[in-house]
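So this one's coords_3.txt, compact mmCIF, C-alpha atoms:
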# COMPACT_ATOMS: atom_id res chain seq x y z
CA MET A 123 73.06 28.07 38.59
CA PRO A 124 75.04 26.53 35.72
CA ARG A 125 74.90 22.76 35.54
CA SER A 126 78.66 22.54 36.03
CA GLN A 127 78.28 24.05 39.50
CA ARG A 128 75.67 21.56 40.68
CA ASN A 129 77.26 18.22 39.80
CA ASP A 130 77.08 15.96 42.78
CA ASN A 131 79.19 12.94 41.91
CA PHE A 132 82.94 12.66 42.21
CA ILE A 133 83.67 12.14 38.51
CA ASP A 134 81.58 15.13 37.41
CA LYS A 135 83.12 17.31 40.11
CA SER A 136 86.62 16.20 39.11
CA PHE A 137 85.94 16.87 35.44
CA THR A 138 84.53 20.29 36.25
CA VAL A 139 87.55 21.22 38.39
CA MET A 140 89.99 20.04 35.70
CA ALA A 141 88.07 21.81 32.93
CA ASP A 142 88.00 25.02 34.95
CA LEU A 143 91.77 24.79 35.57
CA ILE A 144 92.46 24.23 31.88
CA LEU A 145 90.28 27.20 30.97
CA LYS A 146 92.17 29.41 33.40
CA LEU A 147 95.59 28.29 32.19
CA LEU A 148 95.03 28.22 28.44
CA PRO A 149 95.10 31.44 26.49
CA ALA A 150 91.50 31.75 25.38
CA THR A 151 89.15 34.66 24.89
CA LYS A 152 86.18 35.21 27.15
CA LYS A 153 83.93 34.16 24.27
CA GLU A 154 85.85 30.89 23.77
CA LYS A 155 85.67 30.12 27.48
CA GLU A 156 81.95 30.82 27.55
CA ALA A 157 81.39 28.58 24.51
CA PHE A 158 83.28 25.78 26.24
CA ALA A 159 81.25 26.23 29.44
CA TYR A 160 78.01 25.85 27.46
CA TYR A 161 79.42 22.82 25.65
CA ARG A 162 80.52 21.23 28.94
CA ASP A 163 77.09 21.86 30.48
CA GLY A 164 75.46 20.40 27.37
CA MET A 165 77.55 17.24 27.68
CA SER A 166 76.63 16.93 31.34
CA ALA A 167 72.92 17.39 30.65
CA GLN A 168 73.09 14.92 27.77
CA ALA A 169 74.78 12.33 30.00
CA ASP A 170 71.91 12.75 32.48
CA GLY A 171 69.32 12.28 29.73
CA GLU A 172 68.22 15.92 29.98
CA TYR A 173 68.10 16.39 26.22
CA ALA A 174 66.16 19.65 26.11
CA GLU A 175 68.66 21.27 28.48
CA ALA A 176 71.55 19.79 26.50
CA LEU A 177 70.19 21.21 23.25
CA GLU A 178 69.81 24.65 24.82
CA ASN A 179 73.43 24.58 25.96
CA TYR A 180 74.72 23.26 22.63
CA ASN A 181 72.81 25.95 20.74
CA GLU A 182 74.32 28.63 22.97
CA ALA A 183 77.77 27.12 22.41
CA LEU A 184 77.19 27.21 18.64
CA LYS A 185 76.37 30.91 18.81
CA LEU A 186 79.71 31.60 20.48
CA GLU A 187 82.09 28.99 19.07
CA GLU A 188 84.01 30.09 15.99
CA ASP A 189 86.47 27.21 15.62
CA GLU A 190 85.18 24.81 12.96
CA TYR A 191 86.71 21.75 14.60
CA ASP A 192 85.01 22.52 17.92
CA ARG A 193 81.75 23.38 16.17
CA SER A 194 81.81 19.95 14.49
CA TYR A 195 81.68 18.24 17.90
CA ILE A 196 78.82 20.42 19.06
CA LEU A 197 76.87 19.58 15.90
CA TYR A 198 77.74 15.90 16.29
CA ASN A 199 76.34 15.88 19.85
CA ILE A 200 73.15 17.58 18.69
CA GLY A 201 72.88 14.83 16.07
CA LEU A 202 73.27 12.20 18.80
CA ILE A 203 70.34 13.64 20.71
CA HIS A 204 68.09 13.65 17.66
CA ALA A 205 69.13 10.10 16.76
CA SER A 206 68.39 8.86 20.26
CA ASN A 207 64.95 10.48 19.99
CA GLY A 208 64.31 8.63 16.71
CA GLU A 209 64.53 11.81 14.65
CA HIS A 210 66.81 10.30 12.03
CA GLU A 211 66.46 12.98 9.36
CA LYS A 212 67.35 15.72 11.85
CA ALA A 213 70.23 13.63 13.12
CA LEU A 214 71.53 13.12 9.58
CA ASP A 215 71.34 16.86 8.98
CA TYR A 216 73.47 17.61 12.05
CA TYR A 217 75.94 14.80 11.31
CA HIS A 218 76.37 16.16 7.77
CA GLN A 219 76.91 19.68 9.12
CA ALA A 220 79.56 18.27 11.47
CA LEU A 221 81.20 16.40 8.58
CA ASP A 222 81.21 19.54 6.43
CA LEU A 223 83.38 21.15 9.10
CA ASN A 224 85.38 18.04 10.00
CA PRO A 225 85.29 15.33 7.28
CA ARG A 226 87.48 13.06 9.40
CA LEU A 227 85.05 12.72 12.32
CA PRO A 228 84.73 8.90 12.38
CA GLN A 229 81.92 8.76 14.92
CA ALA A 230 79.74 10.98 12.72
CA LEU A 231 80.59 8.87 9.66
CA ASN A 232 79.68 5.75 11.62
CA ASN A 233 76.41 7.17 12.88
CA VAL A 234 75.34 8.22 9.38
CA ALA A 235 76.07 4.66 8.25
CA VAL A 236 74.09 3.22 11.17
CA ILE A 237 71.05 5.32 10.24
CA PHE A 238 71.29 4.34 6.56
CA HIS A 239 71.63 0.68 7.55
CA TYR A 240 68.59 0.98 9.81
CA GLN A 241 66.62 2.61 7.00
CA GLY A 242 67.73 -0.25 4.74
CA GLU A 243 66.42 -2.77 7.26
CA GLN A 244 63.11 -0.91 7.45
CA ALA A 245 62.80 -0.83 3.67
CA LYS A 246 63.66 -4.54 3.43
CA GLU A 247 60.98 -5.43 5.98
CA ALA A 248 58.49 -3.40 3.93
CA GLY A 249 59.39 -5.41 0.83
CA LYS A 250 61.15 -2.50 -0.87
CA ASP A 251 64.28 -4.36 -1.92
CA GLU A 252 65.67 -1.73 -4.32
CA GLU A 253 65.24 1.02 -1.74
CA ALA A 254 66.87 -1.21 0.89
CA GLU A 255 69.83 -1.85 -1.39
CA ALA A 256 70.29 1.89 -1.95
CA PHE A 257 70.35 2.52 1.81
CA TYR A 258 72.78 -0.36 2.35
CA SER A 259 75.08 1.06 -0.35
CA GLN A 260 75.06 4.45 1.37
CA ALA A 261 75.77 2.80 4.72
CA ALA A 262 78.69 0.91 3.16
CA GLU A 263 80.25 4.09 1.78
CA TYR A 264 80.07 5.89 5.13
CA TRP A 265 81.41 2.88 7.02
CA LYS A 266 84.33 2.61 4.61
CA ARG A 267 85.16 6.26 5.24
CA ALA A 268 84.88 5.81 9.02
CA ILE A 269 87.11 2.73 8.96
CA ARG A 270 89.74 4.52 6.85
CA VAL A 271 89.91 7.24 9.50
CA ALA A 272 89.77 4.84 12.47
CA PRO A 273 90.88 1.40 11.24
CA ASN A 274 90.80 -0.23 14.67
CA ASN A 275 87.17 0.71 15.25
CA TYR A 276 83.85 -0.47 13.86
CA ILE A 277 84.73 -4.17 13.71
CA GLU A 278 81.08 -5.15 13.24
CA ALA A 279 80.84 -2.78 10.29
CA GLN A 280 84.02 -4.25 8.83
CA ASN A 281 82.55 -7.74 9.17
CA TRP A 282 79.27 -6.61 7.58
CA LEU A 283 81.12 -5.03 4.66
CA LYS A 284 83.13 -8.20 4.12
CA THR A 285 80.28 -10.71 4.53
CA THR A 286 77.94 -8.76 2.25
CA GLY A 287 80.61 -8.39 -0.43
CA ARG A 288 80.61 -4.61 -0.14
CA SER A 289 84.31 -4.51 0.57
CA GLN A 290 87.21 -6.62 -0.57
CA ILE A 291 89.63 -4.92 1.80
CA ASP A 292 90.72 -7.00 4.79
CA VAL A 293 92.75 -4.30 6.50
CA TYR A 294 92.03 -0.57 6.28
CA PHE A 295 95.43 0.73 7.51

If you took the structure in this file and wrote it as structure tokens, what would it be?
Amino acid sequence: MPRSQRNDNFIDKSFTVMADLILKLLPATKKEKEAFAYYRDGMSAQADGEYAEALENYNEALKLEEDEYDRSYILYNIGLIHASNGEHEKALDYYHQALDLNPRLPQALNNVAVIFHYQGEQAKEAGKDEEAEAFYSQAAEYWKRAIRVAPNNYIEAQNWLKTTGRSQIDVYF
């Protein structure tokens, strides 16, 4: 039984009903509807912490989904799973694939920056100051891009950029 048919809380049931109605009303091919069903089931599994199941659903959605914009969100979610599992290189790969398809995906830009910042912190703790600085510079570039796309988001990143002298811009609008 598909995950979407076994949700037992009100919010999941409501989302499933609304998603099913939208799929019935919108002009979409069978393949597009099937891709969305896999994506929806992947999101549900991911929310429940069932990462292996989520990855299976996302991979099936990727096989079917042809729209680059929609594919970027699938790839982004796969990146989230790998990042949460501590697999930063895999996560970066999926975030970059998502950004290749959708360069204005601020959450992917932010998450790349977060990983680079983390790697900078790790390098700094290991006494590798030059390596740390390189990671921090990469983080800064991705955060600047994310903030340009979504200027009201990532306030902590904006503060970090300002306090570290990596940005002279006060407002990114």

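Rounded to one decimal, atom CA of A:Leu214 and atom CA of A:Ile237 lie 7.8 Å from each other.
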
So that I can see what lies close to stretch 195-201 of chain A, please list as number ranges by chain the residues with an atom at most 6 Å from it, counting only C-alpha atoms and leaving out residues fewer than 2 positions away in the same chain.
A: 192-193, 203-204, 213, 216-217, 220

Taking all atoms listed in the file into account, name the residue in A:Glu154, A:Glu209, A:Ala262, A:Met165 that is nearest to A:Gln290.
A:Ala262

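Between atom CA of A:Glu182 and atom CA of A:Gly164 lies a distance of 9.4 Å.
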
List as a VMD selection string the protein and nucleic acid residues near stretch 281-285 of chain A, meaning an atom at most 10 Å away when all atoms listed in the file are counted, but skip any in the same chain fewer than 5 places from it.
chain A and resid 258 to 259 261 to 263 265 to 266 276 290 to 292

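Distances from A:Ser206, A:Gln280, A:Gln219, A:Gln168 to A:Tyr264 were compared using all atoms listed in the file, and the smallest one belongs to A:Gln280.
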
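Atom CA of A:Gly249 is positioned 19.9 Å from atom CA of A:Val236.
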
How big is the axis-aligned box around all listed atoms of stretch 183-186 of chain A once 5 Å goes on each side, and where's its centre, in Å to one decimal, as JSON?
{"center_x": 78.0, "center_y": 29.4, "center_z": 20.5, "size_x": 13.3, "size_y": 14.5, "size_z": 13.8}

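Selection around (80.1, 36.2, 21.7) with radius 9 Å, counting only C-alpha atoms, yields the residues Lys152, Lys153, Glu154, Glu156, Ala157, Lys185, Leu186 and Glu187 of chain A.
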
Extract, using only C-alpha atoms, all DNA, RNA and protein residues at most 9 Å from stretch 267-273 of chain A, discarding same-chain residues fewer than 2 positions from it, and format them as a PyMOL selection string.
chain A and resi 226-232+235+262-265+275-277+279-280+293-295

Can you pull out every residue within 10 Å of A:Phe257, counting all atoms listed in the file, but drop anything in the same chain fewer than 6 positions away, and send it as a VMD selection string?
chain A and resid 235 237 to 246 251

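Distance annotation: of A:Glu190, A:Asp163, A:Glu278, A:Glu172, the residue with the minimal separation from A:Leu223 is A:Glu190; atom set is only C-alpha atoms.
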
Output stretch 160-188 of chain A with N, CA and C atoms present, as an mmCIF file, in the coordinates of the input.
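Final file, selection-v7.cif:
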data_model
loop_
_atom_site.group_PDB
_atom_site.id
_atom_site.type_symbol
_atom_site.label_atom_id
_atom_site.label_comp_id
_atom_site.auth_asym_id
_atom_site.auth_seq_id
_atom_site.Cartn_x
_atom_site.Cartn_y
_atom_site.Cartn_z
ATOM 1 N N TYR A 160 79.303 26.324 27.969
ATOM 2 C CA TYR A 160 78.010 25.850 27.460
ATOM 3 C C TYR A 160 78.126 24.425 26.914
ATOM 4 N N TYR A 161 79.210 24.155 26.194
ATOM 5 C CA TYR A 161 79.420 22.820 25.650
ATOM 6 C C TYR A 161 79.540 21.791 26.779
ATOM 7 N N ARG A 162 80.333 22.115 27.784
ATOM 8 C CA ARG A 162 80.520 21.230 28.940
ATOM 9 C C ARG A 162 79.186 20.981 29.644
ATOM 10 N N ASP A 163 78.399 22.030 29.839
ATOM 11 C CA ASP A 163 77.090 21.860 30.480
ATOM 12 C C ASP A 163 76.148 21.046 29.596
ATOM 13 N N GLY A 164 76.262 21.211 28.288
ATOM 14 C CA GLY A 164 75.460 20.400 27.370
ATOM 15 C C GLY A 164 75.818 18.927 27.469
ATOM 16 N N MET A 165 77.112 18.633 27.544
ATOM 17 C CA MET A 165 77.550 17.240 27.680
ATOM 18 C C MET A 165 77.044 16.645 28.988
ATOM 19 N N SER A 166 77.095 17.408 30.049
ATOM 20 C CA SER A 166 76.630 16.930 31.340
ATOM 21 C C SER A 166 75.128 16.652 31.318
ATOM 22 N N ALA A 167 74.367 17.573 30.750
ATOM 23 C CA ALA A 167 72.920 17.390 30.650
ATOM 24 C C ALA A 167 72.598 16.185 29.767
ATOM 25 N N GLN A 168 73.316 16.044 28.673
ATOM 26 C CA GLN A 168 73.090 14.920 27.770
ATOM 27 C C GLN A 168 73.373 13.600 28.486
ATOM 28 N N ALA A 169 74.439 13.543 29.247
ATOM 29 C CA ALA A 169 74.780 12.330 30.000
ATOM 30 C C ALA A 169 73.685 11.969 31.005
ATOM 31 N N ASP A 170 72.998 12.981 31.517
ATOM 32 C CA ASP A 170 71.910 12.750 32.480
ATOM 33 C C ASP A 170 70.571 12.496 31.796
ATOM 34 N N GLY A 171 70.561 12.502 30.463
ATOM 35 C CA GLY A 171 69.320 12.280 29.730
ATOM 36 C C GLY A 171 68.426 13.506 29.668
ATOM 37 N N GLU A 172 68.962 14.658 30.024
ATOM 38 C CA GLU A 172 68.220 15.920 29.980
ATOM 39 C C GLU A 172 68.465 16.564 28.608
ATOM 40 N N TYR A 173 67.801 16.000 27.595
ATOM 41 C CA TYR A 173 68.100 16.390 26.220
ATOM 42 C C TYR A 173 67.695 17.820 25.891
ATOM 43 N N ALA A 174 66.575 18.275 26.406
ATOM 44 C CA ALA A 174 66.160 19.650 26.110
ATOM 45 C C ALA A 174 67.184 20.637 26.661
ATOM 46 N N GLU A 175 67.637 20.402 27.874
ATOM 47 C CA GLU A 175 68.660 21.270 28.480
ATOM 48 C C GLU A 175 69.968 21.177 27.702
ATOM 49 N N ALA A 176 70.331 19.968 27.288
ATOM 50 C CA ALA A 176 71.550 19.790 26.500
ATOM 51 C C ALA A 176 71.477 20.574 25.198
ATOM 52 N N LEU A 177 70.346 20.477 24.518
ATOM 53 C CA LEU A 177 70.190 21.210 23.250
ATOM 54 C C LEU A 177 70.286 22.716 23.452
ATOM 55 N N GLU A 178 69.702 23.209 24.531
ATOM 56 C CA GLU A 178 69.810 24.650 24.820
ATOM 57 C C GLU A 178 71.266 25.051 24.980
ATOM 58 N N ASN A 179 72.014 24.267 25.744
ATOM 59 C CA ASN A 179 73.430 24.580 25.960
ATOM 60 C C ASN A 179 74.232 24.464 24.677
ATOM 61 N N TYR A 180 73.987 23.413 23.896
ATOM 62 C CA TYR A 180 74.720 23.260 22.630
ATOM 63 C C TYR A 180 74.410 24.412 21.677
ATOM 64 N N ASN A 181 73.162 24.835 21.626
ATOM 65 C CA ASN A 181 72.810 25.950 20.740
ATOM 66 C C ASN A 181 73.480 27.244 21.179
ATOM 67 N N GLU A 182 73.590 27.451 22.480
ATOM 68 C CA GLU A 182 74.320 28.630 22.970
ATOM 69 C C GLU A 182 75.800 28.524 22.618
ATOM 70 N N ALA A 183 76.359 27.326 22.761
ATOM 71 C CA ALA A 183 77.770 27.120 22.410
ATOM 72 C C ALA A 183 77.993 27.390 20.928
ATOM 73 N N LEU A 184 77.061 26.964 20.088
ATOM 74 C CA LEU A 184 77.190 27.210 18.640
ATOM 75 C C LEU A 184 77.188 28.692 18.305
ATOM 76 N N LYS A 185 76.415 29.462 19.059
ATOM 77 C CA LYS A 185 76.370 30.910 18.810
ATOM 78 C C LYS A 185 77.721 31.559 19.096
ATOM 79 N N LEU A 186 78.463 30.989 20.044
ATOM 80 C CA LEU A 186 79.710 31.600 20.480
ATOM 81 C C LEU A 186 80.954 30.994 19.836
ATOM 82 N N GLU A 187 80.898 29.696 19.556
ATOM 83 C CA GLU A 187 82.090 28.990 19.070
ATOM 84 C C GLU A 187 82.371 29.328 17.614
ATOM 85 N N GLU A 188 83.607 29.739 17.343
ATOM 86 C CA GLU A 188 84.010 30.090 15.990
ATOM 87 C C GLU A 188 84.888 29.037 15.339
#
